[in-house]
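This is final30.txt. It holds compact mmCIF, C-alpha atoms.
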```txt
# COMPACT_ATOMS: atom_id res chain seq x y z
CA MET M 111 -43.68 13.80 1.40
CA ALA M 112 -43.52 14.38 -2.30
CA ASP M 113 -46.21 16.66 -3.67
CA THR M 114 -45.15 16.73 -7.29
CA GLU M 115 -46.94 15.34 -10.31
CA LEU M 116 -46.25 11.68 -10.91
CA LYS M 117 -44.46 10.54 -14.05
CA ILE M 118 -45.87 7.66 -16.06
CA PHE M 119 -43.46 4.75 -15.66
CA ASP M 120 -41.86 3.62 -18.92
CA TYR M 121 -39.72 0.51 -18.54
CA GLU M 122 -37.65 1.35 -21.59
CA LYS M 123 -36.72 4.74 -20.16
CA ALA M 124 -35.94 3.55 -16.63
CA GLU M 125 -32.24 3.80 -15.80
CA ILE M 126 -30.14 1.68 -13.49
CA GLY M 127 -29.05 3.87 -10.61
CA GLU M 128 -31.95 6.28 -11.08
CA ASP M 129 -32.59 8.26 -7.94
CA LEU M 130 -36.10 7.92 -6.55
CA GLY M 131 -35.55 10.71 -4.10
CA SER M 132 -36.17 10.77 -0.39
CA TYR M 133 -39.03 11.23 2.03
CA GLU M 134 -39.67 11.34 5.75
CA TYR M 135 -42.40 10.15 8.05
CA THR M 136 -42.90 9.65 11.76
CA LEU M 137 -43.50 6.13 13.03
CA THR M 138 -46.64 6.04 15.15
CA GLN M 139 -47.87 3.54 17.72
CA GLU M 140 -50.92 2.97 15.50
CA MET M 141 -48.68 1.86 12.65
CA VAL M 142 -46.81 -0.51 14.92
CA ASP M 143 -50.03 -1.93 16.35
CA ALA M 144 -51.58 -2.49 12.92
CA PHE M 145 -48.45 -4.14 11.62
CA ARG M 146 -48.05 -6.46 14.60
CA SER M 147 -51.70 -7.42 14.50
CA SER M 148 -51.56 -8.14 10.77
CA VAL M 149 -48.67 -10.58 11.14
CA ASP M 150 -49.87 -11.99 14.47
CA ASP M 151 -46.57 -11.24 16.17
CA PRO M 152 -46.81 -8.90 19.19
CA GLU M 153 -43.04 -8.44 19.18
CA ALA M 154 -42.50 -7.85 15.46
CA PRO M 155 -39.76 -5.20 15.52
CA PHE M 156 -39.79 -3.86 11.97
CA PRO M 157 -43.16 -2.30 11.07
CA THR M 158 -41.14 -0.56 8.38
CA LEU M 159 -41.72 -3.71 6.32
CA GLY M 160 -45.39 -2.77 6.13
CA VAL M 161 -44.51 0.74 5.01
CA LYS M 162 -42.72 -0.79 2.01
CA HIS M 163 -40.00 1.83 1.88
CA ASP M 164 -38.79 1.04 -1.61
CA ALA M 165 -42.20 0.69 -3.22
CA THR M 166 -43.32 3.88 -1.52
CA ALA M 167 -40.30 5.74 -2.91
CA PHE M 168 -41.18 4.44 -6.38
CA ALA M 169 -44.85 5.37 -5.99
CA MET M 170 -43.91 8.91 -4.99
CA VAL M 171 -42.20 9.37 -8.35
CA TYR M 172 -44.07 7.14 -10.77
CA ASP M 173 -47.57 6.22 -11.76
CA ASP M 174 -47.36 2.69 -13.12
CA PRO M 175 -50.63 1.86 -14.91
CA ILE M 176 -49.48 -1.66 -15.83
CA GLY M 177 -48.63 -2.51 -12.27
CA THR M 178 -46.16 -4.93 -10.81
CA VAL M 179 -45.75 -8.19 -8.98
CA ASN M 180 -43.23 -8.62 -6.21
CA ALA M 181 -40.99 -11.50 -7.30
CA GLY M 182 -38.69 -11.32 -4.30
CA ASN M 183 -37.37 -9.25 -1.42
CA GLU M 184 -34.01 -8.87 0.23
CA VAL M 185 -33.94 -7.19 3.64
CA GLU M 186 -31.06 -6.29 5.93
CA PHE M 187 -31.95 -5.39 9.50
CA PHE M 188 -29.71 -3.04 11.50
CA ASN M 189 -31.80 -1.43 14.26
CA PRO M 190 -35.52 -1.62 15.07
CA PRO M 191 -37.30 1.70 14.55
CA ILE M 192 -38.60 3.62 17.57
CA VAL M 193 -42.14 5.00 17.88
CA GLY M 194 -42.23 8.78 17.63
CA LYS M 195 -38.97 9.05 15.73
CA LYS M 196 -38.81 10.55 12.27
CA ILE M 197 -37.63 8.09 9.63
CA SER M 198 -35.82 9.20 6.47
CA VAL M 199 -35.89 6.98 3.41
CA LYS M 200 -33.83 7.18 0.22
CA GLY M 201 -34.78 5.10 -2.80
CA ARG M 202 -33.33 4.24 -6.18
CA ILE M 203 -33.67 1.86 -9.09
CA ALA M 204 -30.79 -0.52 -8.46
CA ASP M 205 -31.13 -2.76 -11.49
CA LYS M 206 -33.16 -3.52 -14.57
CA TYR M 207 -33.05 -6.69 -16.64
CA LEU M 208 -34.95 -9.14 -18.79
CA ARG M 209 -35.32 -12.71 -17.59
CA ARG M 210 -37.07 -15.19 -19.87
CA ASP M 211 -38.19 -12.17 -21.88
CA LYS M 212 -39.92 -10.68 -18.85
CA PRO M 213 -38.99 -7.16 -17.67
CA TYR M 214 -37.79 -6.73 -14.11
CA ILE M 215 -36.54 -3.80 -12.11
CA VAL M 216 -34.92 -3.89 -8.69
CA ILE M 217 -35.83 -1.01 -6.41
CA GLU M 218 -34.08 -0.43 -3.12
CA ALA M 219 -34.41 1.83 -0.13
CA THR M 220 -32.32 2.67 2.90
CA ALA M 221 -33.90 3.98 6.08
CA VAL M 222 -32.32 5.91 8.95
CA ASP M 223 -33.99 7.58 11.90
CA GLU M 224 -33.65 11.16 13.12
CA ASP M 225 -30.73 10.14 15.34
CA GLY M 226 -28.82 8.74 12.39
CA ARG M 227 -29.41 5.11 13.32
CA LEU M 228 -29.41 2.88 10.26
CA LEU M 229 -32.63 0.85 10.43
CA GLU M 230 -33.10 -1.26 7.37
CA LYS M 231 -32.07 -1.79 3.75
CA LEU M 232 -34.70 -3.26 1.51
CA SER M 233 -34.70 -4.40 -2.11
CA THR M 234 -37.60 -5.63 -4.19
CA TYR M 235 -37.46 -7.53 -7.46
CA GLN M 236 -40.46 -6.29 -9.40
CA LEU M 237 -41.85 -8.06 -12.44
CA LYS M 238 -43.25 -5.33 -14.65
CA LYS M 239 -45.58 -7.60 -16.56
CA PRO M 240 -47.95 -8.87 -13.89
CA ASP M 241 -50.42 -10.47 -16.31
CA GLU M 242 -47.74 -13.03 -17.16
CA LEU M 243 -47.82 -14.32 -13.61
CA GLY M 244 -51.60 -14.31 -13.63
CA LYS M 245 -51.53 -16.61 -16.66
CA LYS M 246 -49.11 -18.91 -14.89
CA TRP M 247 -51.21 -19.04 -11.74
CA HIS M 248 -54.56 -19.35 -13.51
CA PRO M 249 -54.03 -20.71 -17.04
CA GLU M 250 -57.73 -21.56 -17.28
CA GLN M 251 -58.64 -17.88 -17.05
CA LYS M 252 -56.65 -16.80 -20.10
CA MET Z 18 -31.85 -18.70 21.44
CA ALA Z 19 -29.04 -20.46 19.65
CA SER Z 20 -25.51 -19.84 20.84
CA ARG Z 21 -22.46 -20.24 18.68
CA THR Z 22 -21.50 -23.58 20.20
CA GLU Z 23 -25.00 -25.00 19.76
CA ILE Z 24 -25.42 -24.29 16.07
CA ARG Z 25 -24.90 -27.27 13.80
CA PRO Z 26 -25.55 -28.03 10.12
CA ASP Z 27 -29.15 -28.95 9.25
CA GLN Z 28 -30.36 -27.76 12.64
CA ALA Z 29 -34.03 -26.77 12.41
CA ILE Z 30 -35.04 -23.27 13.44
CA PRO Z 31 -38.41 -22.60 15.12
CA SER Z 32 -41.27 -22.65 12.65
CA VAL Z 33 -44.29 -20.37 12.59
CA THR Z 34 -47.73 -20.97 11.11
CA LYS Z 35 -49.89 -18.01 10.15
CA SER Z 36 -53.50 -17.76 9.02
CA ILE Z 37 -53.99 -15.25 6.25
CA THR Z 38 -57.29 -13.38 6.30
CA GLU Z 39 -58.80 -10.49 4.35
CA ASN Z 40 -58.41 -8.47 7.51
CA SER Z 41 -54.75 -9.32 8.02
CA ILE Z 42 -53.97 -8.45 4.39
CA LEU Z 43 -55.74 -5.10 4.70
CA GLU Z 44 -54.24 -4.39 8.11
CA PHE Z 45 -50.75 -4.99 6.73
CA GLU Z 46 -51.47 -2.57 3.90
CA SER Z 47 -52.79 -0.01 6.39
CA THR Z 48 -49.31 0.25 7.91
CA GLY Z 49 -48.19 2.17 4.84
CA ILE Z 50 -48.01 5.94 4.58
CA LEU Z 51 -49.58 6.21 1.12
CA ASP Z 52 -53.30 5.79 0.72
CA ARG Z 53 -53.30 4.00 -2.60
CA GLU Z 54 -55.06 1.09 -4.17
CA ASN Z 55 -53.08 -1.95 -5.22
CA ILE Z 56 -53.41 -5.69 -5.89
CA HIS Z 57 -53.42 -6.27 -2.13
CA ASN Z 58 -56.40 -4.14 -1.21
CA ASN Z 59 -58.45 -3.80 -4.40
CA PRO Z 60 -59.96 -6.98 -5.94
CA GLU Z 61 -60.86 -5.19 -9.17
CA LEU Z 62 -57.30 -4.04 -9.64
CA ALA Z 63 -56.00 -7.55 -8.90
CA ALA Z 64 -58.43 -8.94 -11.46
CA LYS Z 65 -57.41 -6.38 -14.06
CA ARG Z 66 -53.67 -6.77 -13.58
CA LEU Z 67 -53.36 -10.44 -12.66
CA GLY Z 68 -56.58 -12.06 -13.72
CA THR Z 69 -57.15 -13.28 -10.19
CA THR Z 70 -60.49 -13.43 -8.41
CA TYR Z 71 -58.86 -12.41 -5.14
CA THR Z 72 -56.41 -9.93 -3.67
CA LEU Z 73 -52.92 -11.10 -2.86
CA ALA Z 74 -51.17 -10.95 0.48
CA SER Z 75 -48.05 -8.83 0.22
CA GLY Z 76 -44.88 -10.88 -0.12
CA ARG Z 77 -43.54 -8.75 2.68
CA MET Z 78 -45.88 -10.58 5.05
CA SER Z 79 -43.93 -13.76 4.29
CA ILE Z 80 -40.69 -11.83 4.82
CA THR Z 81 -42.00 -10.84 8.26
CA PHE Z 82 -42.98 -14.42 9.10
CA ALA Z 83 -39.53 -15.68 8.10
CA ALA Z 84 -37.91 -12.91 10.14
CA GLU Z 85 -39.93 -14.07 13.15
CA CYS Z 86 -38.53 -17.61 12.81
CA MET Z 87 -35.02 -16.21 12.53
CA ARG Z 88 -35.50 -13.89 15.51
CA LYS Z 89 -36.73 -16.75 17.67
CA PHE Z 90 -33.71 -18.84 16.73
CA PHE Z 91 -30.96 -16.24 17.08
CA GLY Z 92 -32.64 -13.99 19.64
CA PRO Z 93 -33.65 -10.35 19.05
CA ASP Z 94 -30.33 -8.95 20.24
CA VAL Z 95 -28.60 -10.76 17.39
CA PHE Z 96 -31.15 -10.95 14.62
CA ASN Z 97 -32.58 -7.43 14.89
CA HIS Z 98 -29.10 -5.96 14.38
CA THR Z 99 -27.34 -8.38 12.04
CA GLY Z 100 -30.13 -10.32 10.34
CA THR Z 101 -31.10 -10.64 6.71
CA VAL Z 102 -33.98 -12.33 4.92
CA ASN Z 103 -33.99 -12.99 1.19
CA LEU Z 104 -37.07 -14.65 -0.28
CA LYS Z 105 -38.16 -15.47 -3.81
CA PHE Z 106 -41.93 -15.67 -4.17
CA LEU Z 107 -43.21 -18.69 -6.08
CA ARG Z 108 -46.97 -18.73 -5.65
CA PRO Z 109 -49.64 -16.26 -4.59
CA VAL Z 110 -50.78 -16.13 -0.97
CA LYS Z 111 -54.38 -15.14 -0.37
CA ALA Z 112 -57.03 -14.94 2.31
CA GLY Z 113 -57.90 -18.38 3.62
CA ASP Z 114 -54.36 -19.67 3.23
CA THR Z 115 -52.30 -20.95 6.11
CA ILE Z 116 -48.59 -20.34 5.67
CA THR Z 117 -45.97 -22.32 7.56
CA VAL Z 118 -42.38 -21.12 7.55
CA THR Z 119 -39.62 -23.60 8.30
CA GLY Z 120 -35.87 -23.45 8.05
CA SER Z 121 -32.63 -25.23 8.75
CA VAL Z 122 -29.03 -24.18 9.18
CA ASN Z 123 -27.21 -24.35 5.88
CA GLY Z 124 -23.72 -23.40 6.98
CA THR Z 125 -21.44 -20.94 8.72
CA GLU Z 126 -18.79 -18.55 7.56
CA GLU Z 127 -16.22 -16.61 9.58
CA THR Z 128 -16.34 -12.87 8.95
CA ASP Z 129 -14.72 -9.82 10.55
CA ALA Z 130 -17.91 -9.25 12.53
CA GLY Z 131 -18.21 -12.83 13.76
CA THR Z 132 -19.69 -16.10 12.57
CA LYS Z 133 -22.24 -15.61 9.83
CA VAL Z 134 -24.86 -18.36 9.97
CA SER Z 135 -26.94 -19.10 6.87
CA VAL Z 136 -30.38 -20.64 7.12
CA ASP Z 137 -32.45 -22.12 4.30
CA LEU Z 138 -36.01 -20.80 4.52
CA PHE Z 139 -39.22 -22.30 3.13
CA CYS Z 140 -42.80 -21.04 3.10
CA ASP Z 141 -45.53 -23.60 2.36
CA ASN Z 142 -49.29 -23.30 2.23
CA GLN Z 143 -51.95 -25.59 3.65
CA ASP Z 144 -51.88 -27.73 0.50
CA GLY Z 145 -48.17 -28.37 0.81
CA ASN Z 146 -47.35 -26.05 -2.07
CA ARG Z 147 -44.25 -23.93 -1.69
CA THR Z 148 -45.06 -20.24 -1.83
CA ALA Z 149 -41.58 -18.85 -1.19
CA VAL Z 150 -38.02 -20.03 -0.75
CA GLY Z 151 -34.87 -18.25 0.31
CA ILE Z 152 -32.07 -17.69 2.73
CA GLY Z 153 -31.69 -15.85 6.01
CA THR Z 154 -28.51 -14.94 7.80
CA ALA Z 155 -27.35 -13.57 11.14
CA VAL Z 156 -23.94 -12.89 12.63
CA ILE Z 157 -23.01 -14.30 16.01
CA ALA Z 158 -20.16 -12.48 17.70
```

Translate the structure of the given file into structure tokens.
Amino acid sequence: MADTELKIFDYEKAEIGEDLGSYEYTLTQEMVDAFRSSVDDPEAPFPTLGVKHDATAFAMVYDDPIGTVNAGNEVEFFNPPIVGKKISVKGRIADKYLRRDKPYIVIEATAVDEDGRLLEKLSTYQLKKPDELGKKWHPEQK
Amino acid sequence: MASRTEIRPDQAIPSVTKSITENSILEFESTGILDRENIHNNPELAAKRLGTTYTLASGRMSITFAAECMRKFFGPDVFNHTGTVNLKFLRPVKAGDTITVTGSVNGTEETDAGTKVSVDLFCDNQDGNRTAVGIGTAVIA
């Protein structure tokens, strides 16, 4: 895992296509059990969703003091991960845009296991102005 | 499991209903490999960033619920290797909520890999408010 100093995220400086690097971890039975329990599905095959591959890649590079809200996810499933196997993840910033004057980035990650099996591709649409959603959800609080 | 000949437009897929608790939210977060605080596990951070009085369930929990519906419809041998789920999140989900995911076949498309079936997906809370909407797909050989 990354052991370098985090950069402060600056939306203006973020670049489409920016590499978020790669990392590895080993999927454990404890991770699978916690994930399946949390979603009340004893057969849930992709605990990788709980690992949040793309957000983890981002968090290994950036400190984002403003924070983010997940506006949407796109997931492609290829092969369920196997307990005990090492999983390699590569992340990047796939897109960046303004919508209704709100800043968004799209982060994505691709995961393969130690045998080269493609597991999952995941994208997240992140709103980089979370207080805007808070106002929408709770107008009485602002 | 749905076979190619059985799939028809507007066909409903199996629904799931899930109770969201503080524990399930935290347990989902515990699956991660980074020990970090976020709007899902730290109420103060959620209050600071969102102005909420509660932590939010990760949207990826809804992705997982929708994937369960899809897997039950297409079968794991199909969905776990060809499936997709694409959700847009509309409202926060928090502890105490009950989320029901429903879906219906939207259409089919012939591809090189087989017949790609599209399913409209909906997540609604106990008050009947829509919390997420999207599309799932799977390819039947």

Rounded to one decimal place, report the atom CA of M:Pro157-atom CA of Z:Leu51 distance in Å.
->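 Computing the Euclidean distance for atom CA of M:Pro157 and atom CA of Z:Leu51 yields 14.6 Å.
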
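We find atom CA of M:Lys239 and atom CA of Z:Glu46 to be spaced 21.9 Å apart.
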
Would you kindly report the residues of chain M within 9 Å of chain Z, using all atoms listed in the file, as a ChimeraX atom specification?
-> /M:135,140-151,153-163,166,169-170,176-190,229,235,239-245,247-248,251-252

By how many Å are atom CA of M:Asp164 and atom CA of M:Ala221 apart?
-> 9.6 Å

Shell of 9 Å around M:Glu128, only C-alpha atoms, local chain residues under 4 positions omitted, as a VMD selection string | chain M and resid 124 201 to 204

Name all residues at most 9 Å from stretch 28-31 of chain Z (count only C-alpha atoms; drop same-chain ones fewer than 4 positions away) and give them as JSON, numbers by chain.
-> {"Z": [24, 85, 86, 87, 89, 90, 91, 118, 119, 120, 121, 122, 123, 136]}

Quick one: 5 Å padding each side, axis-aligned, all listed atoms of stretch 74-81 of chain Z - centre and edge lengths in Å to one decimal, as AutoDock Vina command-line options?
```
--center_x -45.9 --center_y -11.3 --center_z 4.1 --size_x 20.5 --size_y 15.0 --size_z 18.4
```

Closest of Z:Arg25, Z:Thr148, Z:Ala158, Z:Lys111 to Z:Thr132 - atom-to-atom distances counting all atoms listed in the file =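 For Z:Thr132, the nearest of the given residues is Z:Ala158.
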
Nearest to M:Val222, restricted to only C-alpha atoms and choosing among M:Ile126, M:Lys196, M:Phe168, M:Pro175, comes out as M:Lys196
